[in-house]
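Novice: I am sharing run30.txt, which consists of compact mmCIF, C-alpha atoms:
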```
# COMPACT_ATOMS: atom_id res chain seq x y z
CA MET L 11 16.17 -112.84 -38.53
CA THR L 12 15.88 -114.96 -41.67
CA ARG L 13 12.31 -114.93 -42.89
CA LEU L 14 10.82 -118.17 -44.16
CA GLN L 15 8.25 -116.71 -46.56
CA HIS L 16 5.31 -117.12 -44.19
CA TRP L 17 5.57 -120.89 -43.91
CA THR L 18 2.32 -122.68 -43.07
CA THR L 19 1.28 -126.30 -42.60
CA ASP L 20 0.30 -126.37 -46.28
CA GLN L 21 4.04 -126.50 -46.99
CA MET L 22 4.69 -129.36 -44.59
CA PRO L 23 6.18 -132.43 -46.32
CA ASP L 24 4.30 -135.71 -46.33
CA GLN L 25 4.81 -137.46 -42.97
CA THR L 26 3.50 -140.90 -43.93
CA ALA L 27 5.33 -143.74 -42.13
CA ARG L 28 6.95 -141.33 -39.67
CA VAL L 29 6.47 -141.95 -35.95
CA CYS L 30 6.27 -138.85 -33.75
CA VAL L 31 5.98 -138.38 -30.00
CA VAL L 32 4.43 -135.11 -28.81
CA THR L 33 4.46 -134.39 -25.09
CA GLY L 34 1.50 -132.46 -23.70
CA ALA L 35 -0.49 -133.45 -26.77
CA ASN L 36 -3.99 -133.15 -25.33
CA SER L 37 -4.31 -129.35 -25.45
CA GLY L 38 -2.84 -126.10 -26.68
CA LEU L 39 0.34 -126.25 -28.73
CA GLY L 40 0.65 -130.00 -28.31
CA LEU L 41 -2.82 -130.66 -29.66
CA ALA L 42 -2.27 -128.29 -32.60
CA THR L 43 1.05 -129.99 -33.35
CA THR L 44 -0.50 -133.45 -33.15
CA ARG L 45 -3.40 -132.48 -35.39
CA ALA L 46 -1.11 -131.03 -38.06
CA LEU L 47 1.29 -134.00 -38.04
CA ALA L 48 -1.58 -136.49 -38.24
CA ARG L 49 -3.14 -134.56 -41.11
CA ARG L 50 0.07 -135.06 -43.08
CA GLY L 51 0.08 -138.81 -42.41
CA ALA L 52 2.30 -139.20 -39.34
CA HIS L 53 1.64 -141.79 -36.66
CA VAL L 54 1.54 -139.66 -33.51
CA VAL L 55 1.95 -140.84 -29.94
CA LEU L 56 0.09 -138.47 -27.64
CA ALA L 57 2.22 -138.42 -24.48
CA VAL L 58 -0.11 -137.06 -21.81
CA ARG L 59 -0.35 -136.93 -18.03
CA ASP L 60 -4.14 -137.43 -18.08
CA GLU L 61 -5.08 -140.34 -20.34
CA ALA L 62 -8.79 -139.45 -20.33
CA LYS L 63 -7.98 -136.00 -21.72
CA GLY L 64 -5.60 -137.60 -24.20
CA ARG L 65 -8.30 -139.96 -25.46
CA HIS L 66 -10.72 -137.06 -25.78
CA ALA L 67 -8.16 -135.13 -27.84
CA ALA L 68 -7.51 -138.16 -30.04
CA ALA L 69 -11.24 -138.62 -30.60
CA ASP L 70 -11.55 -134.95 -31.56
CA ILE L 71 -8.82 -135.35 -34.19
CA THR L 72 -10.23 -138.64 -35.45
CA ALA L 73 -13.65 -137.03 -35.91
CA GLU L 74 -12.00 -134.67 -38.40
CA GLN L 75 -9.53 -137.22 -39.82
CA PRO L 76 -10.95 -140.75 -39.57
CA ASP L 77 -7.72 -142.30 -40.86
CA ALA L 78 -5.46 -140.48 -38.37
CA GLY L 79 -2.81 -142.72 -36.84
CA LEU L 80 -2.89 -141.93 -33.12
CA GLU L 81 -2.12 -143.64 -29.85
CA VAL L 82 -2.47 -142.27 -26.35
CA ARG L 83 0.12 -143.06 -23.68
CA ARG L 84 0.52 -141.80 -20.15
CA LEU L 85 3.57 -139.69 -19.38
CA ASP L 86 4.02 -137.57 -16.26
CA LEU L 87 7.18 -135.64 -17.01
CA SER L 88 7.51 -134.49 -13.41
CA ASP L 89 7.95 -138.12 -12.29
CA LEU L 90 11.09 -139.82 -13.59
CA ASP L 91 9.59 -143.26 -12.90
CA SER L 92 6.78 -142.38 -15.32
CA VAL L 93 9.31 -141.21 -17.90
CA ARG L 94 11.18 -144.52 -17.68
CA ALA L 95 7.94 -146.50 -17.95
CA PHE L 96 6.88 -144.54 -21.04
CA ALA L 97 10.26 -145.07 -22.70
CA GLY L 98 10.10 -148.78 -21.93
CA ARG L 99 6.71 -149.11 -23.61
CA MET L 100 7.96 -147.20 -26.65
CA HIS L 101 10.87 -149.63 -26.99
CA ALA L 102 8.52 -152.58 -26.71
CA ASP L 103 6.16 -151.34 -29.42
CA HIS L 104 8.21 -149.25 -31.86
CA PRO L 105 11.48 -150.16 -33.61
CA LYS L 106 12.21 -146.50 -34.39
CA LEU L 107 11.17 -142.93 -33.68
CA ASP L 108 11.45 -140.10 -36.20
CA VAL L 109 10.42 -137.01 -34.25
CA LEU L 110 10.29 -136.16 -30.55
CA VAL L 111 8.59 -132.85 -29.75
CA ASN L 112 9.44 -131.82 -26.18
CA ASN L 113 6.44 -129.53 -25.86
CA ALA L 114 4.73 -130.05 -22.49
CA GLY L 115 5.22 -127.69 -19.61
CA VAL L 116 3.87 -126.00 -16.52
CA MET L 117 3.95 -122.28 -15.83
CA ALA L 118 4.21 -120.26 -12.61
CA PRO L 119 2.57 -122.59 -10.07
CA PRO L 120 2.99 -122.20 -6.31
CA ARG L 121 6.23 -123.78 -5.14
CA THR L 122 5.72 -127.52 -5.54
CA LEU L 123 8.11 -130.46 -5.46
CA SER L 124 8.10 -133.38 -7.88
CA ALA L 125 7.97 -137.04 -6.93
CA GLN L 126 11.77 -137.04 -6.76
CA GLY L 127 11.93 -133.79 -4.76
CA HIS L 128 12.80 -131.32 -7.54
CA GLU L 129 11.07 -127.97 -8.10
CA LEU L 130 8.10 -128.76 -10.31
CA GLN L 131 8.83 -126.45 -13.28
CA PHE L 132 12.46 -127.52 -13.50
CA ALA L 133 11.39 -131.16 -13.11
CA CYS L 134 8.62 -131.13 -15.72
CA ASN L 135 9.87 -128.61 -18.25
CA HIS L 136 13.53 -129.65 -18.23
CA LEU L 137 14.50 -132.79 -16.30
CA GLY L 138 11.62 -134.89 -17.63
CA HIS L 139 12.39 -133.94 -21.21
CA PHE L 140 16.13 -134.45 -20.69
CA ALA L 141 15.49 -137.98 -19.40
CA LEU L 142 12.92 -138.76 -22.08
CA THR L 143 15.26 -137.67 -24.87
CA GLY L 144 18.12 -139.74 -23.49
CA LEU L 145 15.99 -142.84 -23.03
CA LEU L 146 14.58 -142.60 -26.57
CA LEU L 147 17.79 -141.59 -28.33
CA ASP L 148 18.49 -145.08 -29.66
CA LEU L 149 15.03 -145.19 -31.26
CA LEU L 150 15.63 -141.75 -32.75
CA THR L 151 19.01 -142.86 -34.11
CA ALA L 152 17.17 -145.62 -35.98
CA GLY L 153 14.66 -143.12 -37.41
CA ASP L 154 14.38 -141.45 -40.80
CA ASP L 155 15.69 -137.86 -40.70
CA PRO L 156 15.29 -137.96 -36.89
CA ARG L 157 14.77 -134.79 -34.89
CA VAL L 158 14.39 -133.65 -31.32
CA VAL L 159 12.45 -130.39 -31.09
CA THR L 160 12.70 -128.74 -27.68
CA VAL L 161 10.18 -125.97 -27.06
CA SER L 162 11.59 -123.02 -25.15
CA SER L 163 10.25 -119.46 -24.83
CA VAL L 164 11.17 -115.84 -25.41
CA ASN L 165 11.40 -115.88 -21.62
CA HIS L 166 14.59 -117.92 -21.84
CA ARG L 167 16.32 -114.55 -22.33
CA LYS L 168 15.19 -113.50 -18.84
CA GLY L 169 16.24 -116.74 -17.20
CA ARG L 170 19.25 -118.06 -15.38
CA LEU L 171 20.09 -121.28 -13.57
CA TYR L 172 19.85 -121.12 -9.80
CA PHE L 173 22.48 -123.78 -9.27
CA GLU L 174 22.74 -122.82 -5.60
CA ASP L 175 18.98 -123.22 -5.00
CA LEU L 176 17.40 -125.27 -7.81
CA ALA L 177 14.44 -126.32 -5.67
CA GLY L 178 13.61 -122.75 -4.61
CA GLU L 179 13.94 -123.68 -0.96
CA HIS L 180 15.42 -120.35 0.08
CA ARG L 181 13.76 -118.01 -2.39
CA TYR L 182 11.01 -118.88 -4.87
CA SER L 183 9.38 -116.79 -7.57
CA PRO L 184 6.81 -118.52 -9.80
CA MET L 185 7.84 -116.62 -12.94
CA GLY L 186 11.51 -116.56 -12.03
CA PHE L 187 11.58 -120.34 -11.84
CA TYR L 188 9.48 -120.62 -15.01
CA ASN L 189 12.10 -118.50 -16.76
CA GLN L 190 14.79 -120.76 -15.31
CA SER L 191 13.09 -123.83 -16.80
CA LYS L 192 12.78 -122.21 -20.23
CA PHE L 193 16.41 -121.14 -20.07
CA ALA L 194 17.27 -124.75 -19.22
CA ASN L 195 15.31 -125.90 -22.31
CA ALA L 196 17.36 -123.55 -24.47
CA VAL L 197 20.67 -124.61 -22.94
CA PHE L 198 19.74 -128.29 -23.29
CA GLY L 199 18.69 -128.03 -26.94
CA HIS L 200 21.90 -126.22 -27.85
CA GLU L 201 24.16 -128.55 -25.85
CA LEU L 202 22.39 -131.61 -27.28
CA HIS L 203 23.11 -130.28 -30.78
CA ARG L 204 26.76 -129.79 -29.93
CA ARG L 205 27.13 -133.30 -28.55
CA LEU L 206 25.19 -135.03 -31.32
CA THR L 207 27.21 -133.21 -33.97
CA GLY L 208 30.44 -134.09 -32.19
CA VAL L 209 29.77 -137.83 -32.46
CA GLY L 210 28.34 -137.71 -35.98
CA SER L 211 24.80 -138.62 -34.93
CA PRO L 212 22.04 -138.43 -37.56
CA VAL L 213 19.70 -136.91 -34.98
CA ARG L 214 19.12 -133.15 -35.25
CA SER L 215 18.44 -131.10 -32.15
CA VAL L 216 16.35 -128.04 -32.98
CA LEU L 217 14.85 -125.40 -30.70
CA ALA L 218 11.54 -123.60 -31.17
CA HIS L 219 9.34 -121.16 -29.31
CA PRO L 220 5.70 -120.18 -29.95
CA GLY L 221 5.79 -116.49 -29.09
CA TYR L 222 2.73 -115.37 -27.15
CA THR L 223 0.08 -118.02 -27.68
CA ALA L 224 -3.26 -118.50 -25.93
CA THR L 225 -3.11 -121.86 -24.14
CA ASN L 226 -4.19 -123.40 -20.85
CA LEU L 227 -0.64 -122.86 -19.59
CA GLN L 228 -1.28 -119.26 -18.62
CA MET L 229 -4.63 -120.08 -17.00
CA ARG L 230 -2.92 -122.54 -14.66
CA ALA L 231 -0.57 -119.90 -13.33
CA VAL L 232 -1.33 -118.43 -9.93
CA GLY L 233 -2.33 -114.99 -8.68
CA LEU L 234 -1.16 -111.97 -10.62
CA TRP L 235 0.43 -114.02 -13.40
CA ARG L 236 -2.86 -115.72 -14.23
CA MET L 237 -4.58 -112.33 -14.47
CA VAL L 238 -1.81 -110.72 -16.55
CA PHE L 239 -1.16 -113.57 -18.98
CA GLY L 240 -4.43 -115.48 -19.03
CA ARG L 241 -7.40 -113.23 -18.43
CA ILE L 242 -6.01 -110.02 -19.89
CA GLY L 243 -3.13 -110.86 -22.21
CA ASN L 244 -4.57 -113.87 -24.00
CA PRO L 245 -7.74 -112.22 -25.38
CA LEU L 246 -5.93 -109.01 -26.37
CA PHE L 247 -2.55 -110.07 -27.70
CA ALA L 248 -2.12 -113.83 -28.02
CA GLN L 249 -2.22 -115.80 -31.25
CA SER L 250 -4.06 -119.10 -31.59
CA PRO L 251 -2.42 -122.46 -30.78
CA ALA L 252 -2.58 -123.37 -34.47
CA HIS L 253 -0.41 -120.34 -35.28
CA GLY L 254 1.77 -120.72 -32.19
CA ALA L 255 2.59 -124.31 -33.13
CA LEU L 256 4.03 -123.34 -36.54
CA PRO L 257 7.63 -122.85 -35.34
CA GLN L 258 7.80 -126.29 -33.76
CA LEU L 259 6.09 -127.88 -36.75
CA TYR L 260 8.57 -126.22 -39.09
CA ALA L 261 11.43 -127.38 -36.87
CA ALA L 262 10.05 -130.93 -36.83
CA THR L 263 9.37 -131.37 -40.54
CA ASP L 264 10.99 -128.91 -42.94
CA PRO L 265 13.91 -130.38 -44.94
CA GLY L 266 15.86 -127.13 -44.74
CA VAL L 267 16.10 -127.07 -40.95
CA ALA L 268 19.62 -127.60 -39.58
CA GLY L 269 20.53 -128.90 -36.17
CA GLY L 270 21.16 -126.15 -33.65
CA GLN L 271 18.73 -123.68 -35.22
CA PHE L 272 16.17 -121.80 -33.12
CA ILE L 273 12.77 -121.17 -34.75
CA GLY L 274 10.29 -118.58 -33.52
CA PRO L 275 7.69 -116.07 -34.82
CA ASP L 276 8.81 -113.27 -37.15
CA GLY L 277 6.68 -110.49 -35.63
CA PRO L 278 7.68 -107.69 -33.25
CA ALA L 279 9.51 -109.01 -30.17
CA GLU L 280 8.94 -112.53 -31.58
CA LEU L 281 5.50 -112.61 -29.97
CA ARG L 282 3.51 -113.67 -33.04
CA GLY L 283 3.86 -114.29 -36.74
CA ALA L 284 5.20 -116.86 -39.20
CA PRO L 285 8.18 -119.10 -38.39
CA THR L 286 11.63 -117.62 -38.79
CA ARG L 287 15.12 -118.33 -37.54
CA VAL L 288 15.76 -116.39 -34.33
CA GLN L 289 18.71 -115.98 -32.02
CA LEU L 290 19.48 -117.92 -28.88
CA SER L 291 20.64 -115.75 -26.01
CA PRO L 292 24.44 -115.75 -25.62
CA ALA L 293 24.03 -117.03 -22.06
CA ALA L 294 22.10 -120.08 -23.28
CA ALA L 295 24.81 -120.85 -25.84
CA ASP L 296 27.63 -120.64 -23.29
CA ALA L 297 29.64 -123.88 -23.43
CA GLU L 298 30.43 -124.00 -19.72
CA THR L 299 26.78 -123.48 -18.79
CA GLY L 300 25.82 -126.26 -21.18
CA ARG L 301 28.37 -128.65 -19.70
CA ARG L 302 27.36 -127.84 -16.14
CA LEU L 303 23.61 -128.25 -16.78
CA TRP L 304 24.21 -131.49 -18.71
CA GLU L 305 26.25 -133.09 -15.94
CA LEU L 306 23.77 -131.92 -13.31
CA SER L 307 20.85 -133.32 -15.33
CA GLU L 308 22.58 -136.68 -15.73
CA ARG L 309 23.11 -136.83 -11.98
CA LEU L 310 19.55 -135.80 -11.07
CA THR L 311 17.85 -138.11 -13.59
CA GLY L 312 20.27 -141.04 -13.67
CA VAL L 313 20.08 -140.92 -17.48
CA GLN L 314 23.19 -140.81 -19.64
CA PHE L 315 23.16 -140.33 -23.41
CA ALA L 316 25.21 -143.24 -24.69
CA SER L 317 25.42 -141.86 -28.26
CA ALA L 318 25.94 -138.21 -27.27
CA ALA L 319 29.00 -138.39 -25.08
CA SER L 320 30.98 -135.32 -24.08
CA VAL L 321 33.12 -134.02 -26.92
```
Could the structure of this file be written out as structure tokens, please?
Specialist:
Amino acid sequence: MTRLQHWTTDQMPDQTARVCVVTGANSGLGLATTRALARRGAHVVLAVRDEAKGRHAAADITAEQPDAGLEVRRLDLSDLDSVRAFAGRMHADHPKLDVLVNNAGVMAPPRTLSAQGHELQFACNHLGHFALTGLLLDLLTAGDDPRVVTVSSVNHRKGRLYFEDLAGEHRYSPMGFYNQSKFANAVFGHELHRRLTGVGSPVRSVLAHPGYTATNLQMRAVGLWRMVFGRIGNPLFAQSPAHGALPQLYAATDPGVAGGQFIGPDGPAELRGAPTRVQLSPAAADAETGRRLWELSERLTGVQFASAASV
């Protein structure tokens, strides 16, 4: 690990005139990320599935920061039609985008299929963000020091891709498929970096994870997982969303961040602490796995990255 001298939001550069999209911005890590970016002057688009909750979150921030530049837009990452609609509205209203924080996610629900028939966690956590990034890449290319921050998890090290049963039709485990989706996030962020670098793109792809952070994510899990992570683990061991959001905020704003880096907490087992550079699992960095997931994701979403072709 390379320690970053206990970086906090006090060290965040001025974000005035920067446009940022944060998915899942109405609660937890997304809300903490939005609040911190707005405090430093960024114009933040709260990309949320529930617009009423998004407006409530924006009002909460505005009550603290009356001059905050915020807009609330609906985005259901599990529905690719919603992703396309969101991207279309962004193109209509914004000539550029500086930061995309792929933060939203679901964790350990009962087996559920998305609008397009994909397993919900893979659809929301990975496919939706893959499509969103591809559809907004031209706006990012026009941005100032543009970055894509994809939020993974320490659990990516436990994950694998069930290429033979992506929808969990034959065998489904809530946490197993959550780990798959977080592994997919890690593979995507690394492969995106490789492809962007290969074509000389100005866009940086950076990965981050929050460690063990108390959010609504754990409380929406089912059965044993909700008890273990939400009711027991959160009060005893988890850090606050404001602390958990530091790695993704560092990845999104610090001038010293390089594309391809992975930022997580510096504490034991990377569960809590200040941002530091951590290691991606060797499996997530495997070139063949990256190529295979990329091509599969293009086929399942119908989205191709015009300025991040295979290299």
Novice: Under the rule that only C-alpha atoms are counted, which of L:Gln75, L:Asn195, L:Ser37, L:Asn113 is the nearest residue to Arg50 of chain L?
Specialist: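 Checking each candidate against Arg50 of chain L, we get L:Gln75 as the closest.
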Novice: Report, in Å with one decimal, the straight-line distance from atom CA of His253 of chain L to atom CA of Gly274 of chain L.
Specialist: 11.0 Å
Novice: Please provide the set of residues having any atom within 9 Å of Leu176 of chain L, restricted to all atoms listed in the file, with same-chain residues fewer than 2 positions apart removed, written as a ChimeraX atom specification.
Specialist: /L:128-129,132,171-174,178-179,187
Novice: Which of these residues is nearest to Pro275 of chain L, using all atoms listed in the file: L:Val164, L:Leu310, L:Leu85, L:Ala141?
Specialist: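 Under the stated criterion, the closest residue is L:Val164.
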Novice: Centre and edge lengths of an axis-aligned box around all listed atoms of segment 150-169 of chain L, with 5 Å added on each side, are to be given in Å to one decimal, as lines of an AutoDock Vina configuration file.
Specialist:
```
center_x = 14.6
center_y = -129.6
center_z = -29.0
size_x = 18.8
size_y = 42.1
size_z = 33.6
```
Novice: Give the answer as one residue: which of L:Gly138, L:Gly38, L:Pro212, L:Gly153 has the shortest atom-to-atom distance to Leu107 of chain L, using only C-alpha atoms?
Specialist: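 Of the candidates, the smallest distance to Leu107 of chain L is held by L:Gly153.
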Novice: For the point (19.5, -146.0, -30.7) in file coordinates, what residues are within 10 Å, counting only C-alpha atoms? Give the answer as a tab-separated table (two decimals) with C-alpha atoms, keeping the file's coordinate frame?
Specialist:
```
chain	number	residue	atom	x	y	z
L	105	PRO	CA	11.48	-150.16	-33.61
L	106	LYS	CA	12.21	-146.50	-34.39
L	107	LEU	CA	11.17	-142.93	-33.68
L	144	GLY	CA	18.12	-139.74	-23.49
L	145	LEU	CA	15.99	-142.84	-23.03
L	146	LEU	CA	14.58	-142.60	-26.57
L	147	LEU	CA	17.79	-141.59	-28.33
L	148	ASP	CA	18.49	-145.08	-29.66
L	149	LEU	CA	15.03	-145.19	-31.26
L	150	LEU	CA	15.63	-141.75	-32.75
L	151	THR	CA	19.01	-142.86	-34.11
L	152	ALA	CA	17.17	-145.62	-35.98
L	153	GLY	CA	14.66	-143.12	-37.41
L	315	PHE	CA	23.16	-140.33	-23.41
L	316	ALA	CA	25.21	-143.24	-24.69
L	317	SER	CA	25.42	-141.86	-28.26
```
Novice: Using all atoms listed in the file, determine which residues lie at most 6 Å from Ser215 of chain L, disregarding the query and same-chain residues fewer than 5 positions distant; provide the list as a ChimeraX atom specification.
Specialist: /L:157-158,203,269-270
Novice: Between L:Ala78, L:Ala133, L:Ala252, L:Val161, which residue has the minimum interatomic distance to Gly34 of chain L, considering only C-alpha atoms?
Specialist: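 Using only C-alpha atoms, the shortest distance to Gly34 of chain L belongs to L:Val161.
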Novice: Find the distance between atom CA of Phe247 of chain L and atom CA of Gly221 of chain L and write it in Å to one decimal.
Specialist: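 Computing the Euclidean distance for atom CA of Phe247 of chain L and atom CA of Gly221 of chain L yields 10.6 Å.
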Novice: Please rebuild segment 192-203 of chain L with N, CA, C and O atoms and return the result as a PDB file, in the frame of the given file.
Specialist:
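The resulting file, selection_18.pdb, is shown below:
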```
ATOM      1  N   LYS L 192      12.706-122.476 -18.790  1.00  0.00           N
ATOM      2  CA  LYS L 192      12.780-122.210 -20.230  1.00  0.00           C
ATOM      3  C   LYS L 192      14.211-121.923 -20.671  1.00  0.00           C
ATOM      4  O   LYS L 192      14.599-122.258 -21.801  1.00  0.00           O
ATOM      5  N   PHE L 193      14.986-121.308 -19.800  1.00  0.00           N
ATOM      6  CA  PHE L 193      16.410-121.140 -20.070  1.00  0.00           C
ATOM      7  C   PHE L 193      17.087-122.508 -20.126  1.00  0.00           C
ATOM      8  O   PHE L 193      17.918-122.770 -21.013  1.00  0.00           O
ATOM      9  N   ALA L 194      16.719-123.396 -19.209  1.00  0.00           N
ATOM     10  CA  ALA L 194      17.270-124.750 -19.220  1.00  0.00           C
ATOM     11  C   ALA L 194      16.922-125.478 -20.512  1.00  0.00           C
ATOM     12  O   ALA L 194      17.755-126.213 -21.076  1.00  0.00           O
ATOM     13  N   ASN L 195      15.692-125.306 -21.017  1.00  0.00           N
ATOM     14  CA  ASN L 195      15.310-125.900 -22.310  1.00  0.00           C
ATOM     15  C   ASN L 195      16.241-125.426 -23.413  1.00  0.00           C
ATOM     16  O   ASN L 195      16.708-126.220 -24.238  1.00  0.00           O
ATOM     17  N   ALA L 196      16.506-124.122 -23.433  1.00  0.00           N
ATOM     18  CA  ALA L 196      17.360-123.550 -24.470  1.00  0.00           C
ATOM     19  C   ALA L 196      18.784-124.065 -24.364  1.00  0.00           C
ATOM     20  O   ALA L 196      19.407-124.437 -25.371  1.00  0.00           O
ATOM     21  N   VAL L 197      19.318-124.101 -23.149  1.00  0.00           N
ATOM     22  CA  VAL L 197      20.670-124.610 -22.940  1.00  0.00           C
ATOM     23  C   VAL L 197      20.755-126.077 -23.348  1.00  0.00           C
ATOM     24  O   VAL L 197      21.700-126.507 -24.031  1.00  0.00           O
ATOM     25  N   PHE L 198      19.756-126.868 -22.956  1.00  0.00           N
ATOM     26  CA  PHE L 198      19.740-128.290 -23.290  1.00  0.00           C
ATOM     27  C   PHE L 198      19.705-128.521 -24.792  1.00  0.00           C
ATOM     28  O   PHE L 198      20.475-129.320 -25.342  1.00  0.00           O
ATOM     29  N   GLY L 199      18.793-127.836 -25.488  1.00  0.00           N
ATOM     30  CA  GLY L 199      18.690-128.030 -26.940  1.00  0.00           C
ATOM     31  C   GLY L 199      19.986-127.700 -27.650  1.00  0.00           C
ATOM     32  O   GLY L 199      20.400-128.402 -28.581  1.00  0.00           O
ATOM     33  N   HIS L 200      20.639-126.628 -27.219  1.00  0.00           N
ATOM     34  CA  HIS L 200      21.900-126.220 -27.850  1.00  0.00           C
ATOM     35  C   HIS L 200      23.017-127.209 -27.513  1.00  0.00           C
ATOM     36  O   HIS L 200      23.788-127.613 -28.402  1.00  0.00           O
ATOM     37  N   GLU L 201      23.106-127.613 -26.253  1.00  0.00           N
ATOM     38  CA  GLU L 201      24.160-128.550 -25.850  1.00  0.00           C
ATOM     39  C   GLU L 201      23.948-129.918 -26.486  1.00  0.00           C
ATOM     40  O   GLU L 201      24.913-130.610 -26.870  1.00  0.00           O
ATOM     41  N   LEU L 202      22.681-130.344 -26.611  1.00  0.00           N
ATOM     42  CA  LEU L 202      22.390-131.610 -27.280  1.00  0.00           C
ATOM     43  C   LEU L 202      22.872-131.563 -28.730  1.00  0.00           C
ATOM     44  O   LEU L 202      23.476-132.519 -29.236  1.00  0.00           O
ATOM     45  N   HIS L 203      22.620-130.439 -29.407  1.00  0.00           N
ATOM     46  CA  HIS L 203      23.110-130.280 -30.780  1.00  0.00           C
ATOM     47  C   HIS L 203      24.628-130.404 -30.834  1.00  0.00           C
ATOM     48  O   HIS L 203      25.177-131.111 -31.687  1.00  0.00           O
TER      49      HIS L 203
END
```
